[in-house]
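S.K.: Hey, dropping query36.tsv in here, TSV, C-alpha atoms:
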chain	number	residue	atom	x	y	z
A	25	MET	CA	-10.47	41.15	-49.96
A	26	ALA	CA	-9.35	38.55	-47.42
A	27	LEU	CA	-5.99	39.07	-45.79
A	28	PRO	CA	-3.45	36.24	-46.12
A	29	LEU	CA	-2.79	34.00	-43.11
A	30	SER	CA	0.83	35.13	-43.00
A	31	TYR	CA	-0.42	38.54	-41.81
A	32	ASN	CA	-1.94	36.86	-38.74
A	33	ILE	CA	1.24	34.98	-37.99
A	34	ARG	CA	3.41	38.05	-38.43
A	35	ASN	CA	1.14	40.13	-36.23
A	36	VAL	CA	1.25	37.49	-33.52
A	37	ARG	CA	5.05	37.36	-33.75
A	38	VAL	CA	5.58	41.12	-33.71
A	39	ARG	CA	3.38	41.64	-30.63
A	40	TRP	CA	4.99	38.66	-28.88
A	41	GLN	CA	4.52	39.93	-25.29
A	42	VAL	CA	0.75	40.27	-25.69
A	43	THR	CA	0.62	36.99	-27.60
A	44	LEU	CA	2.58	35.19	-24.90
A	45	LEU	CA	0.29	36.57	-22.20
A	46	ALA	CA	-2.84	35.51	-24.08
A	47	ILE	CA	-1.49	32.03	-24.83
A	48	SER	CA	-0.35	31.60	-21.22
A	49	GLY	CA	-3.78	32.60	-19.94
A	50	ILE	CA	-5.60	30.18	-22.21
A	51	ALA	CA	-3.05	27.42	-21.51
A	52	LEU	CA	-3.47	27.91	-17.75
A	53	VAL	CA	-7.25	27.66	-18.00
A	54	VAL	CA	-7.03	24.54	-20.14
A	55	ALA	CA	-4.38	22.93	-17.91
A	56	VAL	CA	-6.38	23.52	-14.71
A	57	LEU	CA	-9.56	22.27	-16.39
A	58	ALA	CA	-7.84	19.15	-17.75
A	59	VAL	CA	-6.22	18.33	-14.40
A	60	LEU	CA	-9.52	18.77	-12.53
A	61	LEU	CA	-11.41	16.68	-15.07
A	62	SER	CA	-8.74	13.98	-14.86
A	63	MET	CA	-9.02	13.95	-11.06
A	64	SER	CA	-12.80	13.82	-11.35
A	65	ALA	CA	-12.55	10.89	-13.79
A	66	GLY	CA	-10.14	9.14	-11.42
A	67	PHE	CA	-12.53	9.53	-8.47
A	68	GLN	CA	-15.47	8.38	-10.56
A	69	MET	CA	-13.55	5.28	-11.62
A	70	ALA	CA	-12.52	4.53	-8.03
A	71	LEU	CA	-16.06	4.95	-6.74
A	72	ARG	CA	-17.63	3.00	-9.59
A	73	SER	CA	-15.26	0.08	-9.09
A	74	THR	CA	-15.78	-0.14	-5.32
A	75	GLY	CA	-19.22	1.21	-4.58
A	76	ARG	CA	-22.52	-0.65	-4.48
A	77	PRO	CA	-25.96	0.94	-4.39
A	78	ASP	CA	-27.22	-1.41	-1.68
A	79	ASN	CA	-24.17	-1.07	0.56
A	80	ALA	CA	-24.04	1.93	2.88
A	81	LEU	CA	-21.14	3.09	4.98
A	82	ILE	CA	-22.12	4.78	8.22
A	83	VAL	CA	-19.60	7.09	9.86
A	84	GLN	CA	-19.69	9.48	12.78
A	85	ARG	CA	-21.42	12.82	12.23
A	86	GLY	CA	-18.92	15.26	10.74
A	87	SER	CA	-16.51	12.54	9.58
A	88	ALA	CA	-15.73	12.28	5.91
A	89	SER	CA	-13.99	8.92	6.12
A	90	GLU	CA	-13.72	5.83	8.29
A	91	LEU	CA	-10.32	6.90	9.58
A	92	THR	CA	-11.72	9.92	11.39
A	93	SER	CA	-14.90	8.24	12.55
A	94	GLY	CA	-15.69	6.57	15.83
A	95	VAL	CA	-19.12	5.11	16.56
A	96	ARG	CA	-19.98	4.21	20.17
A	97	ILE	CA	-21.35	0.76	20.98
A	98	ASP	CA	-24.72	2.26	22.02
A	99	ASP	CA	-25.01	4.06	18.70
A	100	ARG	CA	-23.93	0.96	16.86
A	101	ASN	CA	-26.75	-1.03	18.43
A	102	THR	CA	-29.22	1.71	17.49
A	103	ILE	CA	-28.01	1.55	13.90
A	104	LEU	CA	-28.29	-2.24	13.82
A	105	SER	CA	-31.92	-2.09	14.96
A	106	ASP	CA	-32.86	0.37	12.21
A	107	GLU	CA	-35.50	-1.09	9.91
A	108	ARG	CA	-33.73	0.23	6.80
A	109	ILE	CA	-30.91	-2.26	7.29
A	110	ALA	CA	-31.32	-5.52	5.37
A	111	ARG	CA	-31.93	-8.62	7.43
A	112	ARG	CA	-30.42	-12.07	7.19
A	113	PRO	CA	-32.70	-15.14	7.11
A	114	ASP	CA	-32.42	-15.46	10.91
A	115	GLY	CA	-33.58	-11.84	11.37
A	116	SER	CA	-30.23	-10.39	12.42
A	117	ALA	CA	-28.98	-7.20	10.76
A	118	MET	CA	-26.94	-7.52	7.60
A	119	ALA	CA	-24.38	-5.08	8.95
A	120	ALA	CA	-20.79	-5.30	10.07
A	121	TRP	CA	-18.63	-2.86	11.97
A	122	ASP	CA	-14.97	-2.43	11.16
A	123	TRP	CA	-12.02	-1.03	13.00
A	124	VAL	CA	-9.74	0.79	10.58
A	125	VAL	CA	-6.21	2.01	11.20
A	126	VAL	CA	-3.34	3.04	8.97
A	127	MET	CA	0.06	1.50	9.51
A	128	SER	CA	3.41	2.25	7.94
A	129	LEU	CA	5.01	-0.72	6.17
A	130	PRO	CA	8.22	-0.98	4.08
A	131	LYS	CA	7.91	-0.89	0.31
A	132	ILE	CA	8.96	-3.89	-1.72
A	133	ASP	CA	11.68	-1.91	-3.54
A	134	ASN	CA	13.21	-0.69	-0.23
A	135	ALA	CA	12.30	2.90	-1.17
A	136	GLY	CA	11.09	3.82	2.30
A	137	SER	CA	7.72	2.98	3.78
A	138	THR	CA	4.16	3.66	2.82
A	139	ASN	CA	0.79	3.81	4.52
A	140	VAL	CA	-1.31	0.66	4.43
A	141	THR	CA	-4.86	0.39	5.68
A	142	LEU	CA	-5.48	-2.37	8.21
A	143	ARG	CA	-9.13	-3.32	8.64
A	144	ALA	CA	-10.21	-5.45	11.57
A	145	VAL	CA	-13.51	-7.13	10.77
A	146	THR	CA	-15.98	-9.64	12.14
A	147	PRO	CA	-16.84	-12.80	10.15
A	148	LEU	CA	-20.08	-11.09	9.09
A	149	ALA	CA	-18.03	-8.58	7.02
A	150	PHE	CA	-17.54	-11.21	4.31
A	151	GLU	CA	-21.29	-11.72	4.03
A	152	VAL	CA	-22.04	-7.98	3.98
A	153	ARG	CA	-19.42	-7.07	1.39
A	154	GLU	CA	-19.49	-10.15	-0.82
A	155	GLY	CA	-17.11	-10.53	-3.75
A	156	MET	CA	-14.10	-11.35	-1.58
A	157	LYS	CA	-12.27	-14.56	-2.33
A	158	VAL	CA	-9.26	-16.10	-0.63
A	159	VAL	CA	-7.09	-17.22	-3.56
A	160	GLU	CA	-4.12	-18.50	-1.59
A	161	GLY	CA	-3.80	-19.87	1.94
A	162	ARG	CA	-6.92	-19.74	4.11
A	163	ASN	CA	-9.18	-17.24	5.81
A	164	PHE	CA	-7.98	-15.78	9.10
A	165	THR	CA	-9.03	-17.34	12.37
A	166	PRO	CA	-11.01	-14.89	14.55
A	167	GLY	CA	-9.12	-14.10	17.74
A	168	LEU	CA	-5.67	-14.77	16.29
A	169	ASP	CA	-3.27	-12.19	14.86
A	170	GLU	CA	-3.80	-13.16	11.23
A	171	VAL	CA	-4.46	-11.00	8.21
A	172	ILE	CA	-5.67	-11.33	4.65
A	173	VAL	CA	-3.47	-9.39	2.23
A	174	SER	CA	-4.69	-8.21	-1.16
A	175	ARG	CA	-2.78	-9.02	-4.34
A	176	LYS	CA	-2.01	-5.35	-4.95
A	177	ILE	CA	-0.53	-4.90	-1.48
A	178	MET	CA	1.58	-8.04	-1.95
A	179	GLY	CA	3.08	-6.42	-5.03
A	180	ARG	CA	3.86	-3.16	-3.22
A	181	ILE	CA	4.81	-4.09	0.36
A	182	ARG	CA	7.69	-6.17	1.66
A	183	GLY	CA	7.12	-9.00	4.16
A	184	VAL	CA	3.41	-9.61	3.61
A	185	ASN	CA	3.58	-12.81	1.58
A	186	LEU	CA	1.87	-16.00	2.66
A	187	GLY	CA	3.27	-17.27	5.96
A	188	GLU	CA	5.39	-14.17	6.67
A	189	ARG	CA	5.16	-12.09	9.85
A	190	VAL	CA	3.93	-8.50	9.50
A	191	LYS	CA	6.02	-6.18	11.64
B	1	MET	CA	-13.05	40.95	-39.13
B	2	GLY	CA	-11.59	37.68	-40.37
B	3	PHE	CA	-8.12	38.96	-39.58
B	4	VAL	CA	-8.90	39.52	-35.89
B	5	VAL	CA	-10.92	36.30	-35.55
B	6	GLY	CA	-8.16	34.36	-37.31
B	7	GLU	CA	-5.60	35.73	-34.89
B	8	ALA	CA	-7.79	34.89	-31.90
B	9	LEU	CA	-8.26	31.41	-33.31
B	10	LEU	CA	-4.51	31.03	-33.66
B	11	LEU	CA	-4.01	32.10	-30.04
B	12	GLY	CA	-6.69	29.63	-28.95
B	13	VAL	CA	-5.05	26.77	-30.83
B	14	LEU	CA	-1.60	27.60	-29.44
B	15	GLY	CA	-2.98	28.08	-25.91
B	16	GLY	CA	-4.98	24.85	-26.13
B	17	ALA	CA	-1.99	22.85	-27.32
B	18	LEU	CA	0.21	24.33	-24.60
B	19	GLY	CA	-2.48	23.73	-21.96
B	20	VAL	CA	-2.97	20.09	-22.93
B	21	PHE	CA	0.78	19.53	-22.99
B	22	GLY	CA	1.16	21.33	-19.63
B	23	SER	CA	-1.59	19.32	-17.95
B	24	GLN	CA	-0.15	16.07	-19.32
B	25	THR	CA	3.27	17.01	-17.93
B	26	LEU	CA	1.80	18.10	-14.60
B	27	LEU	CA	-0.20	14.88	-14.20
B	28	TYR	CA	2.85	12.79	-15.10
B	29	VAL	CA	5.07	14.63	-12.62
B	30	VAL	CA	2.46	14.46	-9.85
B	31	SER	CA	1.66	10.78	-10.36
B	32	HIS	CA	5.34	9.80	-10.51
B	33	ALA	CA	6.68	11.99	-7.71
B	34	PRO	CA	8.04	10.00	-4.74
B	35	GLY	CA	5.49	9.78	-1.95
B	36	VAL	CA	2.70	11.43	-3.95
B	37	THR	CA	1.64	8.15	-5.60
B	38	GLU	CA	0.85	6.64	-2.20
B	39	ILE	CA	-1.05	9.73	-1.06
B	40	LEU	CA	-3.11	9.68	-4.27
B	41	ALA	CA	-3.75	5.93	-3.89
B	42	GLY	CA	-4.88	6.60	-0.33
B	43	ILE	CA	-7.64	8.90	-1.53
B	44	GLY	CA	-8.65	6.53	-4.32
B	45	LEU	CA	-6.70	8.06	-7.19
B	46	SER	CA	-4.46	5.22	-8.27
B	47	GLY	CA	-4.46	5.91	-12.00
B	48	LEU	CA	-4.20	9.65	-12.54
B	49	GLU	CA	-3.88	10.22	-16.27
B	50	LEU	CA	-5.05	12.58	-18.97
B	51	LYS	CA	-7.71	10.80	-20.99
B	52	PRO	CA	-7.86	11.59	-24.73
B	53	ALA	CA	-11.48	12.79	-24.37
B	54	VAL	CA	-10.43	15.30	-21.68
B	55	ALA	CA	-7.50	16.49	-23.82
B	56	VAL	CA	-9.77	17.01	-26.82
B	57	LEU	CA	-12.37	18.79	-24.67
B	58	GLY	CA	-9.70	21.08	-23.19
B	59	PHE	CA	-8.33	21.88	-26.62
B	60	PHE	CA	-11.75	22.76	-28.04
B	61	ILE	CA	-12.57	24.89	-25.00
B	62	ALA	CA	-9.33	26.80	-25.63
B	63	VAL	CA	-10.27	27.35	-29.26
B	64	ALA	CA	-13.76	28.46	-28.21
B	65	LEU	CA	-12.24	30.80	-25.61
B	66	GLY	CA	-10.01	32.30	-28.28
B	67	LEU	CA	-12.95	32.78	-30.62
B	68	VAL	CA	-15.19	34.35	-27.96
B	69	ALA	CA	-12.35	36.62	-26.79
B	70	GLY	CA	-11.65	37.68	-30.36
B	71	LEU	CA	-15.26	38.23	-31.33
B	72	VAL	CA	-15.74	41.62	-29.62
B	73	PRO	CA	-12.59	43.27	-31.04
B	74	ALA	CA	-13.38	41.70	-34.40
B	75	LEU	CA	-16.87	43.19	-34.41
B	76	SER	CA	-15.63	46.62	-33.38
B	77	ALA	CA	-12.96	46.43	-36.08
B	78	TYR	CA	-15.62	45.46	-38.59
B	79	ARG	CA	-17.87	48.37	-37.64
B	80	ALA	CA	-15.15	50.99	-37.34
B	81	LYS	CA	-14.45	53.39	-40.17
B	82	ILE	CA	-11.04	53.02	-41.71
B	83	THR	CA	-10.48	56.79	-41.56
B	84	ASP	CA	-11.09	56.85	-37.78
B	85	ILE	CA	-8.59	54.04	-37.24
B	86	LEU	CA	-5.95	55.68	-39.41
B	87	ARG	CA	-6.38	58.95	-37.48
B	88	THR	CA	-5.36	57.21	-34.22
B	89	VAL	CA	-2.25	55.56	-35.71
Can the structure in the file be given as structure tokens, please?
M.R.:
Amino acid sequence: MALPLSYNIRNVRVRWQVTLLAISGIALVVAVLAVLLSMSAGFQMALRSTGRPDNALIVQRGSASELTSGVRIDDRNTILSDERIARRPDGSAMAAWDWVVVMSLPKIDNAGSTNVTLRAVTPLAFEVREGMKVVEGRNFTPGLDEVIVSRKIMGRIRGVNLGERVK
Amino acid sequence: MGFVVGEALLLGVLGGALGVFGSQTLLYVVSHAPGVTEILAGIGLSGLELKPAVAVLGFFIAVALGLVAGLVPALSAYRAKITDILRTV
């Protein structure tokens, strides 16, 4: 004879300490799993939307990001002469080197400041990366203190609109 | 046996629901905390949210955990003689 469901519920309620412990344990496992999977999905989305299979990023040995990497000019020239790097029609390497720093700029809602990545590039960077389009104003002039600001940064940071001076 | 498995299933369902709710709350708090949003955006996590597929997966894992955890005591309860159990009460 099958026992009614109310027996289960009553048993769970009577032994509430054990029940609470079991539920907490399972909830903790599920919460950690869900958070990790959400983070994993977030990273996958970020990488999928920015990465390209034919575009490699070379950083210093031991560096996990551009910010902690520094490549010497000698090494840079060695990399550029590597046969695995795609060539332009004139035979030069389809590679660009960037100088990346993080600067603190004020938020648009005056709620303090936030870190913004500043990337100094050569004109070749546009050819290597592709997909970039200046939608307002013009491209920067090499040698002058001019920057291109993304739409997202314009919506988050104060004082980076067209014609303004970045402090 | 059904009694023990049913109870384990109930614990799994409750734990799963609490876990999904807890992770949703945690992700909301983390992604809306001052300063944390920028740090997350800096490492490429601009939209940290609990996707329905992840929530469903987490919930079913909780139910499966409850079932697996309840299976052993359920089997021993099934195999045990009622007289032996009553003797220990």
S.K.: Pick out the residues sitting within 8 Å of A:Ser128, and hand them over as a list in words; count only C-alpha atoms, and ignore anything fewer than 4 positions along from it in its own chain.
M.R.: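 The residues satisfying every condition are Ser137, Thr138, Asn139 and Val140 of chain A.
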S.K.: Dump as a list in words all residues having an atom at most 9 Å from (0.9, 36.8, -32.5), computed in the file's coordinates with only C-alpha atoms.
M.R.: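 Checking each residue against the 9 Å limit leaves Asn32, Ile33, Arg34, Asn35, Val36, Arg37, Val38, Arg39, Trp40, Gln41, Val42, Thr43 and Leu44 of chain A; Glu7, Ala8, Leu10 and Leu11 of chain B.
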S.K.: Pick out the chain A residues within 7 Å of chain B. Count only C-alpha atoms. Give them as a PyMOL selection string.
M.R.: chain A and resi 27+32+46-48+50-52+54-55+57-59+61-63+66-67+70+138
S.K.: So how far away is atom CA of A:Asp106 from atom CA of A:Glu90, in Å?
M.R.: 20.3 Å
S.K.: Do you have the atom CA of A:Asn163-atom CA of A:Asp99 distance handy?
M.R.: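 Taking atom CA of A:Asn163 and atom CA of A:Asp99, their separation equals 29.5 Å.
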S.K.: With all atoms listed in the file counted, which protein, DNA or RNA residues have an atom no more than 10 Å from (-2.9, -8.1, 1.4) in the file frame? Please answer as a count of residues only.
M.R.: 17
S.K.: Have a look at A:Leu104, A:Ala120, A:Ala88, A:Val158 and name the one nearest to A:Ala144; count all atoms listed in the file.
M.R.: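 Of A:Leu104, A:Ala120, A:Ala88, A:Val158, the one nearest A:Ala144, counting all atoms listed in the file, is A:Ala120.
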S.K.: To one decimal place, how far is atom CA of A:Val190 from atom CA of A:Gly161 in Å?
M.R.: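 Taking atom CA of A:Val190 and atom CA of A:Gly161, their separation equals 15.7 Å.
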S.K.: Could you check the closest approach to A:Trp121 for each of A:Arg153, A:Arg182, A:Lys191, A:Arg85 and tell me which residue wins, using only C-alpha atoms?
M.R.: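 Distance minimum relative to A:Trp121 lands on A:Arg153.
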S.K.: Place N, CA and C atoms on stretch 59-73 of chain A and deliver the coordinates as a PDB file, in the frame of the given file.
M.R.:
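Contents of out08.pdb, as written:
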ATOM      1  N   VAL A  59      -6.656  19.017 -15.625  1.00  0.00           N
ATOM      2  CA  VAL A  59      -6.220  18.330 -14.400  1.00  0.00           C
ATOM      3  C   VAL A  59      -7.431  18.015 -13.513  1.00  0.00           C
ATOM      4  N   LEU A  60      -8.325  18.999 -13.359  1.00  0.00           N
ATOM      5  CA  LEU A  60      -9.520  18.770 -12.530  1.00  0.00           C
ATOM      6  C   LEU A  60     -10.409  17.683 -13.115  1.00  0.00           C
ATOM      7  N   LEU A  61     -10.583  17.714 -14.434  1.00  0.00           N
ATOM      8  CA  LEU A  61     -11.410  16.680 -15.070  1.00  0.00           C
ATOM      9  C   LEU A  61     -10.771  15.299 -14.941  1.00  0.00           C
ATOM     10  N   SER A  62      -9.433  15.261 -15.020  1.00  0.00           N
ATOM     11  CA  SER A  62      -8.740  13.980 -14.860  1.00  0.00           C
ATOM     12  C   SER A  62      -8.918  13.450 -13.446  1.00  0.00           C
ATOM     13  N   MET A  63      -8.821  14.355 -12.459  1.00  0.00           N
ATOM     14  CA  MET A  63      -9.020  13.950 -11.060  1.00  0.00           C
ATOM     15  C   MET A  63     -10.453  13.465 -10.868  1.00  0.00           C
ATOM     16  N   SER A  64     -11.388  14.188 -11.457  1.00  0.00           N
ATOM     17  CA  SER A  64     -12.800  13.820 -11.350  1.00  0.00           C
ATOM     18  C   SER A  64     -13.036  12.432 -11.955  1.00  0.00           C
ATOM     19  N   ALA A  65     -12.408  12.199 -13.135  1.00  0.00           N
ATOM     20  CA  ALA A  65     -12.550  10.890 -13.790  1.00  0.00           C
ATOM     21  C   ALA A  65     -11.938   9.790 -12.936  1.00  0.00           C
ATOM     22  N   GLY A  66     -10.809  10.110 -12.295  1.00  0.00           N
ATOM     23  CA  GLY A  66     -10.140   9.140 -11.420  1.00  0.00           C
ATOM     24  C   GLY A  66     -11.011   8.763 -10.235  1.00  0.00           C
ATOM     25  N   PHE A  67     -11.632   9.786  -9.612  1.00  0.00           N
ATOM     26  CA  PHE A  67     -12.530   9.530  -8.470  1.00  0.00           C
ATOM     27  C   PHE A  67     -13.745   8.728  -8.907  1.00  0.00           C
ATOM     28  N   GLN A  68     -14.280   9.093 -10.057  1.00  0.00           N
ATOM     29  CA  GLN A  68     -15.470   8.380 -10.560  1.00  0.00           C
ATOM     30  C   GLN A  68     -15.143   6.902 -10.784  1.00  0.00           C
ATOM     31  N   MET A  69     -13.948   6.662 -11.347  1.00  0.00           N
ATOM     32  CA  MET A  69     -13.550   5.280 -11.620  1.00  0.00           C
ATOM     33  C   MET A  69     -13.373   4.515 -10.304  1.00  0.00           C
ATOM     34  N   ALA A  70     -12.745   5.180  -9.317  1.00  0.00           N
ATOM     35  CA  ALA A  70     -12.520   4.530  -8.030  1.00  0.00           C
ATOM     36  C   ALA A  70     -13.842   4.209  -7.336  1.00  0.00           C
ATOM     37  N   LEU A  71     -14.779   5.158  -7.410  1.00  0.00           N
ATOM     38  CA  LEU A  71     -16.060   4.950  -6.740  1.00  0.00           C
ATOM     39  C   LEU A  71     -16.900   3.911  -7.473  1.00  0.00           C
ATOM     40  N   ARG A  72     -16.825   3.939  -8.818  1.00  0.00           N
ATOM     41  CA  ARG A  72     -17.630   3.000  -9.590  1.00  0.00           C
ATOM     42  C   ARG A  72     -17.134   1.567  -9.374  1.00  0.00           C
ATOM     43  N   SER A  73     -15.788   1.424  -9.216  1.00  0.00           N
ATOM     44  CA  SER A  73     -15.260   0.080  -9.090  1.00  0.00           C
ATOM     45  C   SER A  73     -15.414  -0.480  -7.687  1.00  0.00           C
TER      46      SER A  73
END
